[in-house]
Amino acid sequence: MNRVIHFELAADQPERAVKFYEQAFGWKIEKWAGPIEYWLIMTGEGEPGIDGASMRREEPVAHTVNTIGVPSVDEFAAKVVKAGGKQLSPKATIPGVGYQAYCQDTEGNIFGIMQDDPSAK
């Protein structure tokens, strides 16, 4: 079964969002050293839940987005389209992490799909 593995919180001012979530919930948030402006969010250890990130608000990701882990972005993007959804962005490589794309369901909800591949370049 493919599960939600990550969330993204869009923010007009990511630094302000970081401060809010650290103060309100005690989350540990660190700026990612990668090529884009992105803050990694650790929501806790040793209990059920998922971690996520915050990023500057941009289209098509203007709202909170859940990302679903899949074995193949290409295969599942095709399944999304066949089921009546849309692929909103091309497959993107995240170096050292894997591959990702944004999609939309039949109700207009945006979500991500991510393929784990630490050798991605």
# chains A, B, ... in the order shown; residues from 1 in each chain; ligands from 1

call {"tool": "select_by_dssp", "arguments": {"residues": "chain A", "states": "alpha helix (DSSP H)", "output": "list in words"}}
result
Pro14, Glu15, Arg16, Ala17, Val18, Lys19, Phe20, Tyr21, Glu22, Gln23, Ala24, Phe25, Val73, Asp74, Glu75, Phe76, Ala77, Ala78, Lys79, Val80, Val81 and Lys82 of chain A

call {"tool": "closest_atom_pairs", "arguments": {"of": "range 12-46 of chain A", "to": "range 54-76 of chain A", "cutoff": "9 Å", "atoms": "only C-alpha atoms", "output": "tab-separated table"}}
result
residue	atom	partner	partner_atom	distance
A:Asp12	CA	A:Arg57	CA	5.4
A:Gln13	CA	A:Arg56	CA	6.6
A:Pro14	CA	A:Arg56	CA	5.8
A:Ala17	CA	A:Ser54	CA	7.6
A:Val18	CA	A:Ser54	CA	7.6
A:Ile29	CA	A:Ser54	CA	8.9
A:Ile36	CA	A:Met55	CA	8.8
A:Glu37	CA	A:Met55	CA	6.4
A:Tyr38	CA	A:Met55	CA	4.9
A:Trp39	CA	A:Ser54	CA	5.1
A:Leu40	CA	A:Ser54	CA	6.7
A:Ile41	CA	A:Ser54	CA	7.2

call {"tool": "atom_distance", "arguments": {"atom1": "CA of Arg16 in chain A", "atom2": "CA of Val97 in chain A"}}
result
26.5 Å

call {"tool": "atom_distance", "arguments": {"atom1": "CA of Lys82 in chain A", "atom2": "CA of Gly52 in chain A"}}
result
28.1 Å

call {"tool": "closest_residue", "arguments": {"among": "A:Lys91, A:Val80, A:Glu45, A:Gly96", "to": "Ala33 in chain A", "atoms": "only C-alpha atoms"}}
result
A:Gly96

call {"tool": "atom_distance", "arguments": {"atom1": "CA of Thr43 in chain A", "atom2": "CA of Trp27 in chain A"}}
result
4.9 Å

call {"tool": "closest_residue", "arguments": {"among": "A:Gly26, A:Ile5, A:Gln104, A:Ile110", "to": "Lys79 in chain A", "atoms": "only C-alpha atoms"}}
result
A:Gln104

call {"tool": "residues_around", "arguments": {"residues": "Ala101 in chain A", "least_positions_apart": "6", "cutoff": "7 Å", "atoms": "only C-alpha atoms", "output": "list of chain:residue names"}}
result
A:Ser89, A:Pro90, A:Lys91, A:Ala92, A:Gly112, A:Ile113, A:Met114

call {"tool": "closest_residue", "arguments": {"among": "A:Ala24, A:Ile50, A:Ala83, A:Ile94", "to": "Arg3 in chain A", "atoms": "only C-alpha atoms"}}
result
A:Ile50
